[in-house]
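Containing mmCIF, C-alpha atoms, pLDDT in the B column; chains and numbers go by the auth columns: final-v5.cif.
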```
data_upload
loop_
_atom_site.group_PDB
_atom_site.id
_atom_site.type_symbol
_atom_site.label_atom_id
_atom_site.label_comp_id
_atom_site.label_asym_id
_atom_site.label_seq_id
_atom_site.Cartn_x
_atom_site.Cartn_y
_atom_site.Cartn_z
_atom_site.B_iso_or_equiv
_atom_site.auth_seq_id
_atom_site.auth_asym_id
ATOM 1 C CA MET A 1 79.114 56.501 225.785 55.00 1 Z
ATOM 2 C CA GLY A 2 78.005 55.840 222.205 62.00 2 Z
ATOM 3 C CA GLU A 3 77.885 59.552 221.385 69.00 3 Z
ATOM 4 C CA ASN A 4 81.383 60.132 222.832 62.00 4 Z
ATOM 5 C CA PHE A 5 82.719 57.224 220.817 55.00 5 Z
ATOM 6 C CA ALA A 6 81.152 58.630 217.648 58.00 6 Z
ATOM 7 C CA ILE A 7 82.758 62.034 218.276 63.00 7 Z
ATOM 8 C CA PHE A 8 86.133 60.403 218.963 55.00 8 Z
ATOM 9 C CA TYR A 9 85.815 58.147 215.909 53.00 9 Z
ATOM 10 C CA ASN A 10 84.947 61.089 213.631 55.00 10 Z
ATOM 11 C CA ALA A 11 87.911 63.096 214.940 56.00 11 Z
ATOM 12 C CA ILE A 12 90.305 60.192 214.344 60.00 12 Z
ATOM 13 C CA LEU A 13 88.800 59.569 210.913 48.00 13 Z
ATOM 14 C CA LYS A 14 89.321 63.197 209.875 54.00 14 Z
ATOM 15 C CA HIS A 15 92.979 63.126 210.943 53.00 15 Z
ATOM 16 C CA THR A 16 93.534 59.777 209.239 52.00 16 Z
ATOM 17 C CA ILE A 17 92.077 61.105 206.001 52.00 17 Z
ATOM 18 C CA ALA A 18 94.376 64.138 206.171 52.00 18 Z
ATOM 19 C CA VAL A 19 97.416 61.907 206.645 49.00 19 Z
ATOM 20 C CA ILE A 20 96.313 59.748 203.720 50.00 20 Z
ATOM 21 C CA VAL A 21 95.863 62.833 201.512 46.00 21 Z
ATOM 22 C CA LEU A 22 99.360 64.021 202.403 49.00 22 Z
ATOM 23 C CA ALA A 23 100.774 60.552 201.751 47.00 23 Z
ATOM 24 C CA VAL A 24 99.072 60.375 198.356 44.00 24 Z
ATOM 25 C CA LEU A 25 100.443 63.787 197.479 46.00 25 Z
ATOM 26 C CA ALA A 26 103.854 62.696 198.668 46.00 26 Z
ATOM 27 C CA THR A 27 103.944 59.484 196.684 44.00 27 Z
ATOM 28 C CA GLY A 28 102.043 60.650 193.648 44.00 28 Z
ATOM 29 C CA CYS A 29 104.266 63.587 192.857 44.00 29 Z
ATOM 30 C CA VAL A 30 107.677 61.902 192.827 43.00 30 Z
ATOM 31 C CA THR A 31 107.787 61.460 189.069 42.00 31 Z
ATOM 32 C CA GLN A 32 109.312 62.752 185.847 41.00 32 Z
ATOM 33 C CA SER A 33 110.833 66.238 186.376 44.00 33 Z
ATOM 34 C CA PRO A 34 114.636 66.596 186.067 43.00 34 Z
ATOM 35 C CA ASP A 35 114.491 69.258 188.780 50.00 35 Z
ATOM 36 C CA PRO A 36 116.075 67.694 191.914 46.00 36 Z
ATOM 37 C CA ASN A 37 113.535 69.562 193.993 53.00 37 Z
ATOM 38 C CA SER A 38 110.675 67.564 192.510 64.00 38 Z
ATOM 39 C CA ASN A 39 112.125 64.222 191.358 83.00 39 Z
ATOM 40 C CA LEU A 40 113.359 61.554 193.740 89.00 40 Z
ATOM 41 C CA ALA A 41 115.928 60.006 191.387 87.00 41 Z
ATOM 42 C CA ALA A 42 117.369 63.440 190.552 88.00 42 Z
ATOM 43 C CA ARG A 43 117.508 64.268 194.267 88.00 43 Z
ATOM 44 C CA VAL A 44 119.431 61.057 194.976 89.00 44 Z
ATOM 45 C CA ASN A 45 121.829 61.809 192.103 87.00 45 Z
ATOM 46 C CA GLN A 46 122.394 65.265 193.561 89.00 46 Z
ATOM 47 C CA SER A 47 123.682 63.827 196.853 88.00 47 Z
ATOM 48 C CA ARG A 48 127.440 63.482 197.325 90.00 48 Z
ATOM 49 C CA ASP A 49 127.415 59.734 197.853 92.00 49 Z
ATOM 50 C CA GLY A 50 124.545 58.831 195.526 92.00 50 Z
ATOM 51 C CA ARG A 51 122.080 57.999 198.266 95.00 51 Z
ATOM 52 C CA ILE A 52 119.862 59.766 200.770 95.00 52 Z
ATOM 53 C CA SER A 53 118.884 58.928 204.347 96.00 53 Z
ATOM 54 C CA LYS A 54 115.351 58.866 205.691 96.00 54 Z
ATOM 55 C CA GLU A 55 115.905 62.298 207.253 95.00 55 Z
ATOM 56 C CA GLU A 56 117.063 63.725 203.903 94.00 56 Z
ATOM 57 C CA PHE A 57 114.106 62.070 202.162 94.00 57 Z
ATOM 58 C CA VAL A 58 111.595 63.480 204.641 95.00 58 Z
ATOM 59 C CA ASN A 59 113.061 67.002 204.479 94.00 59 Z
ATOM 60 C CA TRP A 60 113.138 66.883 200.653 92.00 60 Z
ATOM 61 C CA ASN A 61 109.576 65.555 200.505 92.00 61 Z
ATOM 62 C CA ILE A 62 108.216 68.203 202.890 94.00 62 Z
ATOM 63 C CA ALA A 63 109.970 70.965 200.930 93.00 63 Z
ATOM 64 C CA ARG A 64 108.585 69.596 197.661 91.00 64 Z
ATOM 65 C CA ILE A 65 105.008 69.423 198.951 92.00 65 Z
ATOM 66 C CA PHE A 66 105.418 72.822 200.640 94.00 66 Z
ATOM 67 C CA LYS A 67 106.126 74.356 197.217 94.00 67 Z
ATOM 68 C CA LEU A 68 102.813 72.998 195.927 93.00 68 Z
ATOM 69 C CA TYR A 69 100.959 74.886 198.662 94.00 69 Z
ATOM 70 C CA ASP A 70 103.095 78.074 198.627 96.00 70 Z
ATOM 71 C CA ALA A 71 101.316 79.996 195.879 92.00 71 Z
ATOM 72 C CA GLY A 72 103.710 82.496 194.329 93.00 72 Z
ATOM 73 C CA GLY A 73 106.793 81.172 196.143 94.00 73 Z
ATOM 74 C CA LYS A 74 106.469 83.578 199.079 96.00 74 Z
ATOM 75 C CA GLY A 75 108.218 81.268 201.513 96.00 75 Z
ATOM 76 C CA TYR A 76 105.087 80.620 203.563 96.00 76 Z
ATOM 77 C CA VAL A 77 101.614 79.181 203.134 96.00 77 Z
ATOM 78 C CA THR A 78 98.591 81.304 203.959 96.00 78 Z
ATOM 79 C CA LEU A 79 95.162 79.983 204.851 96.00 79 Z
ATOM 80 C CA GLN A 80 94.052 80.956 201.343 95.00 80 Z
ATOM 81 C CA ASP A 81 96.916 78.934 199.812 95.00 81 Z
ATOM 82 C CA TRP A 82 95.893 75.987 201.972 95.00 82 Z
ATOM 83 C CA GLN A 83 92.230 76.314 200.986 95.00 83 Z
ATOM 84 C CA ARG A 84 93.178 76.362 197.311 94.00 84 Z
ATOM 85 C CA LEU A 85 94.256 72.715 197.619 92.00 85 Z
ATOM 86 C CA GLN A 86 92.378 71.494 200.696 92.00 86 Z
ATOM 87 C CA GLY A 87 89.105 73.424 200.605 92.00 87 Z
ATOM 88 C CA THR A 88 87.721 74.983 203.757 91.00 88 Z
ATOM 89 C CA SER A 89 86.925 71.792 205.653 90.00 89 Z
ATOM 90 C CA LYS A 90 90.559 71.351 206.753 91.00 90 Z
ATOM 91 C CA ASP A 91 91.135 74.825 208.211 93.00 91 Z
ATOM 92 C CA ALA A 92 91.716 73.381 211.696 93.00 92 Z
ATOM 93 C CA GLN A 93 94.645 71.367 210.359 92.00 93 Z
ATOM 94 C CA TYR A 94 96.161 74.521 208.914 94.00 94 Z
ATOM 95 C CA LYS A 95 95.843 76.235 212.280 93.00 95 Z
ATOM 96 C CA ARG A 96 97.642 73.333 213.982 92.00 96 Z
ATOM 97 C CA LEU A 97 100.485 73.617 211.464 93.00 97 Z
ATOM 98 C CA ASP A 98 100.820 77.349 212.168 95.00 98 Z
ATOM 99 C CA ALA A 99 102.831 76.778 215.347 94.00 99 Z
ATOM 100 C CA ASN A 100 103.488 80.455 216.140 95.00 100 Z
ATOM 101 C CA ARG A 101 99.931 81.512 215.169 95.00 101 Z
ATOM 102 C CA ASP A 102 101.052 84.301 212.843 97.00 102 Z
ATOM 103 C CA GLY A 103 98.730 83.291 209.983 95.00 103 Z
ATOM 104 C CA LYS A 104 101.612 81.847 207.931 96.00 104 Z
ATOM 105 C CA VAL A 105 102.957 78.305 207.846 96.00 105 Z
ATOM 106 C CA THR A 106 106.650 78.327 207.040 96.00 106 Z
ATOM 107 C CA LEU A 107 108.721 75.434 205.754 96.00 107 Z
ATOM 108 C CA ALA A 108 110.399 75.269 209.178 96.00 108 Z
ATOM 109 C CA GLU A 109 107.007 74.890 210.876 96.00 109 Z
ATOM 110 C CA ALA A 110 106.006 72.131 208.461 95.00 110 Z
ATOM 111 C CA GLN A 111 109.341 70.324 208.915 95.00 111 Z
ATOM 112 C CA ALA A 112 109.096 70.562 212.719 95.00 112 Z
ATOM 113 C CA ASN A 113 105.614 69.003 212.821 95.00 113 Z
ATOM 114 C CA PRO A 114 105.874 65.311 213.799 95.00 114 Z
ATOM 115 C CA LYS A 115 102.618 64.385 212.037 93.00 115 Z
ATOM 116 C CA VAL A 116 103.801 65.944 208.777 93.00 116 Z
ATOM 117 C CA ARG A 117 107.163 64.185 209.130 94.00 117 Z
ATOM 118 C CA ALA A 118 105.444 60.852 209.732 94.00 118 Z
ATOM 119 C CA ALA A 119 103.039 61.266 206.821 91.00 119 Z
ATOM 120 C CA LEU A 120 105.643 62.388 204.312 88.00 120 Z
ATOM 121 C CA GLY A 121 108.234 59.887 205.497 91.00 121 Z
ATOM 122 C CA GLY A 122 105.839 56.977 205.386 90.00 122 Z
ATOM 123 C CA THR A 123 106.878 55.788 201.937 91.00 123 Z
ATOM 124 C CA PHE A 124 110.581 55.570 202.783 95.00 124 Z
ATOM 125 C CA ALA A 125 110.374 51.896 203.781 94.00 125 Z
ATOM 126 C CA ASP A 126 108.647 51.045 200.488 93.00 126 Z
ATOM 127 C CA ILE A 127 111.387 52.755 198.495 95.00 127 Z
ATOM 128 C CA ASP A 128 114.319 51.407 200.549 96.00 128 Z
ATOM 129 C CA THR A 129 113.864 47.861 199.273 96.00 129 Z
ATOM 130 C CA ASN A 130 117.168 46.518 200.619 96.00 130 Z
ATOM 131 C CA HIS A 131 116.347 48.040 204.051 96.00 131 Z
ATOM 132 C CA ASP A 132 119.782 49.532 204.599 97.00 132 Z
ATOM 133 C CA GLY A 133 118.386 52.896 205.748 96.00 133 Z
ATOM 134 C CA TRP A 134 119.265 54.663 202.486 97.00 134 Z
ATOM 135 C CA ILE A 135 117.612 55.275 199.129 96.00 135 Z
ATOM 136 C CA ASP A 136 120.059 54.858 196.269 95.00 136 Z
ATOM 137 C CA HIS A 137 119.598 55.600 192.570 92.00 137 Z
ATOM 138 C CA LYS A 138 118.531 52.052 191.733 94.00 138 Z
ATOM 139 C CA GLU A 139 115.825 52.079 194.427 94.00 139 Z
ATOM 140 C CA ALA A 140 114.625 55.577 193.506 93.00 140 Z
ATOM 141 C CA SER A 141 114.411 54.689 189.810 91.00 141 Z
ATOM 142 C CA ALA A 142 112.566 51.427 190.532 91.00 142 Z
ATOM 143 C CA TYR A 143 110.108 53.274 192.748 90.00 143 Z
ATOM 144 C CA LEU A 144 109.462 55.934 190.116 87.00 144 Z
ATOM 145 C CA LEU A 145 108.875 53.246 187.495 87.00 145 Z
ATOM 146 C CA LYS A 146 106.489 51.466 189.856 85.00 146 Z
ATOM 147 C CA ARG A 147 104.621 54.740 190.521 80.00 147 Z
ATOM 148 C CA GLN A 148 104.290 55.431 186.793 77.00 148 Z
ATOM 149 C CA THR A 149 102.419 52.156 186.347 70.00 149 Z
ATOM 150 C CA PHE A 150 99.734 53.482 188.710 59.00 150 Z
ATOM 151 C CA VAL A 151 99.276 56.771 186.837 54.00 151 Z
ATOM 152 C CA PRO A 152 96.816 56.503 183.926 53.00 152 Z
#
```
Let's see the structure in the file written out as structure tokens.
Amino acid sequence: MGENFAIFYNAILKHTIAVIVLAVLATGCVTQSPDPNSNLAARVNQSRDGRISKEEFVNWNIARIFKLYDAGGKGYVTLQDWQRLQGTSKDAQYKRLDANRDGKVTLAEAQANPKVRAALGGTFADIDTNHDGWIDHKEASAYLLKRQTFVP
């Protein structure tokens, strides 16, 4: 039983670390650029009503992180693209993301993955400080300012 527990624990630990890495990437990269594709406050300003829902936030965040992995802007992430940022120890995660097993992870595959959605949507509650289910400009700006204090 001890050996089975150790195997189970190591598997859970590896997945937890991957989720944490994705969350760090998600929260650590929402700063500075005026490009609405990479800056949360600019993305909120781009919306018609000056706020974004959790669904919009998650989709924006996945697309933003996807661009970091998609070397050359091909529209998909290859195993080599993945390894450029993750190394080779996380190849199994890449294979799980490649839902149709064609050797390419598309944005649609990443957005359809519930684990990716959970990881990259995890910061929504921290940003939505009035808990109304929306991120407005004031909340986005406050979050970006808060994040900047953590960056040396």
(message) Calculated over all atoms listed in the file, which of the candidates Z:Asn61, Z:Asn100, Z:Ser141, Z:Gln93 has the smallest distance to Leu120 in chain Z?
(response) Z:Asn61
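Shortest atom-to-atom contact with Asp102 in chain Z among Z:Gln83, Z:Thr78, Z:Asn130, Z:Thr123: Z:Thr78, counting only C-alpha atoms.
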(message) One number please: CA of Val44 in chain Z to CA of Ile127 in chain Z, in Å, one decimal.
(response)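 Taking CA of Val44 in chain Z as the start and CA of Ile127 in chain Z as the end point, the length is 12.1 Å.
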Could you list, as a PDB file with C-alpha atoms, in the frame of the given file, every residue matched by the PyMOL selection byres ((chain Z and resi 52) around 12) in this structure?
```
ATOM      1  CA  LEU Z  40     113.359  61.554 193.740  1.00 89.00           C
ATOM      2  CA  ALA Z  41     115.928  60.006 191.387  1.00 87.00           C
ATOM      3  CA  ALA Z  42     117.369  63.440 190.552  1.00 88.00           C
ATOM      4  CA  ARG Z  43     117.508  64.268 194.267  1.00 88.00           C
ATOM      5  CA  VAL Z  44     119.431  61.057 194.976  1.00 89.00           C
ATOM      6  CA  ASN Z  45     121.829  61.809 192.103  1.00 87.00           C
ATOM      7  CA  GLN Z  46     122.394  65.265 193.561  1.00 89.00           C
ATOM      8  CA  SER Z  47     123.682  63.827 196.853  1.00 88.00           C
ATOM      9  CA  ARG Z  48     127.440  63.482 197.325  1.00 90.00           C
ATOM     10  CA  ASP Z  49     127.415  59.734 197.853  1.00 92.00           C
ATOM     11  CA  GLY Z  50     124.545  58.831 195.526  1.00 92.00           C
ATOM     12  CA  ARG Z  51     122.080  57.999 198.266  1.00 95.00           C
ATOM     13  CA  SER Z  53     118.884  58.928 204.347  1.00 96.00           C
ATOM     14  CA  LYS Z  54     115.351  58.866 205.691  1.00 96.00           C
ATOM     15  CA  GLU Z  55     115.905  62.298 207.253  1.00 95.00           C
ATOM     16  CA  GLU Z  56     117.063  63.725 203.903  1.00 94.00           C
ATOM     17  CA  PHE Z  57     114.106  62.070 202.162  1.00 94.00           C
ATOM     18  CA  VAL Z  58     111.595  63.480 204.641  1.00 95.00           C
ATOM     19  CA  ASN Z  59     113.061  67.002 204.479  1.00 94.00           C
ATOM     20  CA  TRP Z  60     113.138  66.883 200.653  1.00 92.00           C
ATOM     21  CA  ASN Z  61     109.576  65.555 200.505  1.00 92.00           C
ATOM     22  CA  PHE Z 124     110.581  55.570 202.783  1.00 95.00           C
ATOM     23  CA  ILE Z 127     111.387  52.755 198.495  1.00 95.00           C
ATOM     24  CA  ASP Z 128     114.319  51.407 200.549  1.00 96.00           C
ATOM     25  CA  ASP Z 132     119.782  49.532 204.599  1.00 97.00           C
ATOM     26  CA  GLY Z 133     118.386  52.896 205.748  1.00 96.00           C
ATOM     27  CA  TRP Z 134     119.265  54.663 202.486  1.00 97.00           C
ATOM     28  CA  ILE Z 135     117.612  55.275 199.129  1.00 96.00           C
ATOM     29  CA  ASP Z 136     120.059  54.858 196.269  1.00 95.00           C
ATOM     30  CA  HIS Z 137     119.598  55.600 192.570  1.00 92.00           C
ATOM     31  CA  LYS Z 138     118.531  52.052 191.733  1.00 94.00           C
ATOM     32  CA  GLU Z 139     115.825  52.079 194.427  1.00 94.00           C
ATOM     33  CA  ALA Z 140     114.625  55.577 193.506  1.00 93.00           C
TER      34      ALA Z 140
END
```
(message) Between CA of Asn113 in chain Z and CA of Asp81 in chain Z, what distance in Å does the model show, to one decimal?
(response)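 It comes out at 18.5 Å.
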(request) Work out how far apart CA of Ala142 in chain Z and CA of Arg117 in chain Z are and give it in Å to one decimal. (result) 23.2 Å
Identify, on the basis of only C-alpha atoms, every residue whose closest approach to Lys104 in chain Z does not exceed 9 Å; exclude the query and any residue fewer than 3 positions from it along the same chain; express the result as a PDB file with C-alpha atoms, in the coordinates of the input.
```
ATOM      1  CA  TYR Z  76     105.087  80.620 203.563  1.00 96.00           C
ATOM      2  CA  VAL Z  77     101.614  79.181 203.134  1.00 96.00           C
ATOM      3  CA  THR Z  78      98.591  81.304 203.959  1.00 96.00           C
ATOM      4  CA  LEU Z  79      95.162  79.983 204.851  1.00 96.00           C
ATOM      5  CA  ASP Z  98     100.820  77.349 212.168  1.00 95.00           C
ATOM      6  CA  ASN Z 100     103.488  80.455 216.140  1.00 95.00           C
ATOM      7  CA  ARG Z 101      99.931  81.512 215.169  1.00 95.00           C
TER       8      ARG Z 101
END
```
(message) Can you tell me which residues surround Gly75 in chain Z at a distance of at most 7 Å, considering only C-alpha atoms, apart from same-chain residues fewer than 2 positions away, and format the answer as a PyMOL selection string?
(response) chain Z and resi 70+73+106
(request) Check the smallest atom-to-atom distance from each of Z:Thr129, Z:Leu144, Z:Gly103, Z:Ile62 to Lys115 in chain Z using all atoms listed in the file, then report the winner. (result) Z:Ile62
(request) Starting from the displayed file, determine the output of the PyMOL selection byres ((chain Z and resi 116) around 10) and express the residue list as a list in words. (result) Ala18, Val19, Leu22, Ala23, Val58, Ile62, Leu97, Glu109, Ala110, Gln111, Ala112, Asn113, Pro114, Lys115, Arg117, Ala118, Ala119, Leu120, Gly121 and Gly122 of chain Z
Just so I have it separately, write range 76-109 of chain Z from the block I sent, keeping N, CA and C atoms, as a PDB file, in the first residue's frame.
```
ATOM      1  N   TYR Z  76      -0.933  27.020 -33.703  1.00  0.00           N
ATOM      2  CA  TYR Z  76      -0.910  25.775 -32.939  1.00  0.00           C
ATOM      3  C   TYR Z  76       0.440  25.661 -32.231  1.00  0.00           C
ATOM      4  N   VAL Z  77       0.461  24.814 -31.217  1.00  0.00           N
ATOM      5  CA  VAL Z  77       1.668  24.590 -30.434  1.00  0.00           C
ATOM      6  C   VAL Z  77       2.148  23.173 -30.695  1.00  0.00           C
ATOM      7  N   THR Z  78       3.391  23.052 -31.120  1.00  0.00           N
ATOM      8  CA  THR Z  78       3.989  21.742 -31.341  1.00  0.00           C
ATOM      9  C   THR Z  78       4.654  21.271 -30.047  1.00  0.00           C
ATOM     10  N   LEU Z  79       5.044  20.015 -30.029  1.00  0.00           N
ATOM     11  CA  LEU Z  79       5.771  19.495 -28.876  1.00  0.00           C
ATOM     12  C   LEU Z  79       7.069  20.271 -28.675  1.00  0.00           C
ATOM     13  N   GLN Z  80       7.719  20.663 -29.749  1.00  0.00           N
ATOM     14  CA  GLN Z  80       8.949  21.445 -29.642  1.00  0.00           C
ATOM     15  C   GLN Z  80       8.684  22.830 -29.037  1.00  0.00           C
ATOM     16  N   ASP Z  81       7.574  23.464 -29.426  1.00  0.00           N
ATOM     17  CA  ASP Z  81       7.194  24.744 -28.822  1.00  0.00           C
ATOM     18  C   ASP Z  81       6.997  24.569 -27.318  1.00  0.00           C
ATOM     19  N   TRP Z  82       6.277  23.518 -26.959  1.00  0.00           N
ATOM     20  CA  TRP Z  82       5.990  23.211 -25.568  1.00  0.00           C
ATOM     21  C   TRP Z  82       7.288  23.013 -24.783  1.00  0.00           C
ATOM     22  N   GLN Z  83       8.202  22.222 -25.367  1.00  0.00           N
ATOM     23  CA  GLN Z  83       9.462  21.917 -24.691  1.00  0.00           C
ATOM     24  C   GLN Z  83      10.334  23.154 -24.529  1.00  0.00           C
ATOM     25  N   ARG Z  84      10.180  24.112 -25.405  1.00  0.00           N
ATOM     26  CA  ARG Z  84      10.946  25.358 -25.302  1.00  0.00           C
ATOM     27  C   ARG Z  84      10.673  26.055 -23.976  1.00  0.00           C
ATOM     28  N   LEU Z  85       9.438  25.971 -23.488  1.00  0.00           N
ATOM     29  CA  LEU Z  85       9.075  26.627 -22.230  1.00  0.00           C
ATOM     30  C   LEU Z  85       8.969  25.657 -21.052  1.00  0.00           C
ATOM     31  N   GLN Z  86       8.633  24.412 -21.321  1.00  0.00           N
ATOM     32  CA  GLN Z  86       8.384  23.456 -20.240  1.00  0.00           C
ATOM     33  C   GLN Z  86       9.507  22.439 -20.041  1.00  0.00           C
ATOM     34  N   GLY Z  87      10.419  22.336 -21.007  1.00  0.00           N
ATOM     35  CA  GLY Z  87      11.402  21.253 -20.941  1.00  0.00           C
ATOM     36  C   GLY Z  87      10.745  19.953 -21.382  1.00  0.00           C
ATOM     37  N   THR Z  88      11.461  18.871 -21.243  1.00  0.00           N
ATOM     38  CA  THR Z  88      10.945  17.584 -21.724  1.00  0.00           C
ATOM     39  C   THR Z  88      10.209  16.789 -20.649  1.00  0.00           C
ATOM     40  N   SER Z  89      10.286  17.223 -19.412  1.00  0.00           N
ATOM     41  CA  SER Z  89       9.667  16.448 -18.334  1.00  0.00           C
ATOM     42  C   SER Z  89       8.144  16.541 -18.330  1.00  0.00           C
ATOM     43  N   LYS Z  90       7.574  17.462 -19.081  1.00  0.00           N
ATOM     44  CA  LYS Z  90       6.122  17.663 -19.086  1.00  0.00           C
ATOM     45  C   LYS Z  90       5.482  17.234 -20.415  1.00  0.00           C
ATOM     46  N   ASP Z  91       6.148  16.373 -21.149  1.00  0.00           N
ATOM     47  CA  ASP Z  91       5.628  15.929 -22.444  1.00  0.00           C
ATOM     48  C   ASP Z  91       4.268  15.240 -22.324  1.00  0.00           C
ATOM     49  N   ALA Z  92       4.041  14.515 -21.240  1.00  0.00           N
ATOM     50  CA  ALA Z  92       2.759  13.830 -21.057  1.00  0.00           C
ATOM     51  C   ALA Z  92       1.612  14.831 -20.951  1.00  0.00           C
ATOM     52  N   GLN Z  93       1.867  15.968 -20.332  1.00  0.00           N
ATOM     53  CA  GLN Z  93       0.839  17.007 -20.254  1.00  0.00           C
ATOM     54  C   GLN Z  93       0.493  17.526 -21.643  1.00  0.00           C
ATOM     55  N   TYR Z  94       1.521  17.732 -22.457  1.00  0.00           N
ATOM     56  CA  TYR Z  94       1.287  18.185 -23.824  1.00  0.00           C
ATOM     57  C   TYR Z  94       0.391  17.189 -24.556  1.00  0.00           C
ATOM     58  N   LYS Z  95       0.694  15.918 -24.402  1.00  0.00           N
ATOM     59  CA  LYS Z  95      -0.078  14.888 -25.100  1.00  0.00           C
ATOM     60  C   LYS Z  95      -1.529  14.873 -24.635  1.00  0.00           C
ATOM     61  N   ARG Z  96      -1.774  15.166 -23.367  1.00  0.00           N
ATOM     62  CA  ARG Z  96      -3.159  15.248 -22.879  1.00  0.00           C
ATOM     63  C   ARG Z  96      -3.876  16.464 -23.458  1.00  0.00           C
ATOM     64  N   LEU Z  97      -3.153  17.546 -23.684  1.00  0.00           N
ATOM     65  CA  LEU Z  97      -3.764  18.736 -24.281  1.00  0.00           C
ATOM     66  C   LEU Z  97      -4.113  18.520 -25.747  1.00  0.00           C
ATOM     67  N   ASP Z  98      -3.348  17.683 -26.421  1.00  0.00           N
ATOM     68  CA  ASP Z  98      -3.560  17.408 -27.848  1.00  0.00           C
ATOM     69  C   ASP Z  98      -4.727  16.428 -27.999  1.00  0.00           C
ATOM     70  N   ALA Z  99      -5.938  16.945 -27.863  1.00  0.00           N
ATOM     71  CA  ALA Z  99      -7.137  16.110 -27.787  1.00  0.00           C
ATOM     72  C   ALA Z  99      -7.340  15.219 -29.010  1.00  0.00           C
ATOM     73  N   ASN Z 100      -7.027  15.707 -30.201  1.00  0.00           N
ATOM     74  CA  ASN Z 100      -7.246  14.899 -31.407  1.00  0.00           C
ATOM     75  C   ASN Z 100      -5.992  14.139 -31.841  1.00  0.00           C
ATOM     76  N   ARG Z 101      -4.940  14.234 -31.044  1.00  0.00           N
ATOM     77  CA  ARG Z 101      -3.692  13.467 -31.250  1.00  0.00           C
ATOM     78  C   ARG Z 101      -3.054  13.679 -32.617  1.00  0.00           C
ATOM     79  N   ASP Z 102      -3.109  14.939 -33.099  1.00  0.00           N
ATOM     80  CA  ASP Z 102      -2.501  15.226 -34.402  1.00  0.00           C
ATOM     81  C   ASP Z 102      -1.109  15.843 -34.281  1.00  0.00           C
ATOM     82  N   GLY Z 103      -0.583  15.933 -33.055  1.00  0.00           N
ATOM     83  CA  GLY Z 103       0.749  16.501 -32.853  1.00  0.00           C
ATOM     84  C   GLY Z 103       0.753  18.016 -32.780  1.00  0.00           C
ATOM     85  N   LYS Z 104      -0.440  18.622 -32.702  1.00  0.00           N
ATOM     86  CA  LYS Z 104      -0.571  20.078 -32.617  1.00  0.00           C
ATOM     87  C   LYS Z 104      -1.655  20.389 -31.598  1.00  0.00           C
ATOM     88  N   VAL Z 105      -1.363  21.300 -30.685  1.00  0.00           N
ATOM     89  CA  VAL Z 105      -2.386  21.781 -29.758  1.00  0.00           C
ATOM     90  C   VAL Z 105      -2.867  23.123 -30.278  1.00  0.00           C
ATOM     91  N   THR Z 106      -4.146  23.193 -30.594  1.00  0.00           N
ATOM     92  CA  THR Z 106      -4.728  24.433 -31.091  1.00  0.00           C
ATOM     93  C   THR Z 106      -5.295  25.241 -29.913  1.00  0.00           C
ATOM     94  N   LEU Z 107      -5.598  26.495 -30.177  1.00  0.00           N
ATOM     95  CA  LEU Z 107      -6.227  27.326 -29.168  1.00  0.00           C
ATOM     96  C   LEU Z 107      -7.557  26.710 -28.738  1.00  0.00           C
ATOM     97  N   ALA Z 108      -8.308  26.171 -29.687  1.00  0.00           N
ATOM     98  CA  ALA Z 108      -9.599  25.548 -29.358  1.00  0.00           C
ATOM     99  C   ALA Z 108      -9.406  24.366 -28.414  1.00  0.00           C
ATOM    100  N   GLU Z 109      -8.372  23.564 -28.635  1.00  0.00           N
ATOM    101  CA  GLU Z 109      -8.106  22.438 -27.735  1.00  0.00           C
ATOM    102  C   GLU Z 109      -7.746  22.939 -26.335  1.00  0.00           C
TER     103      GLU Z 109
END
```
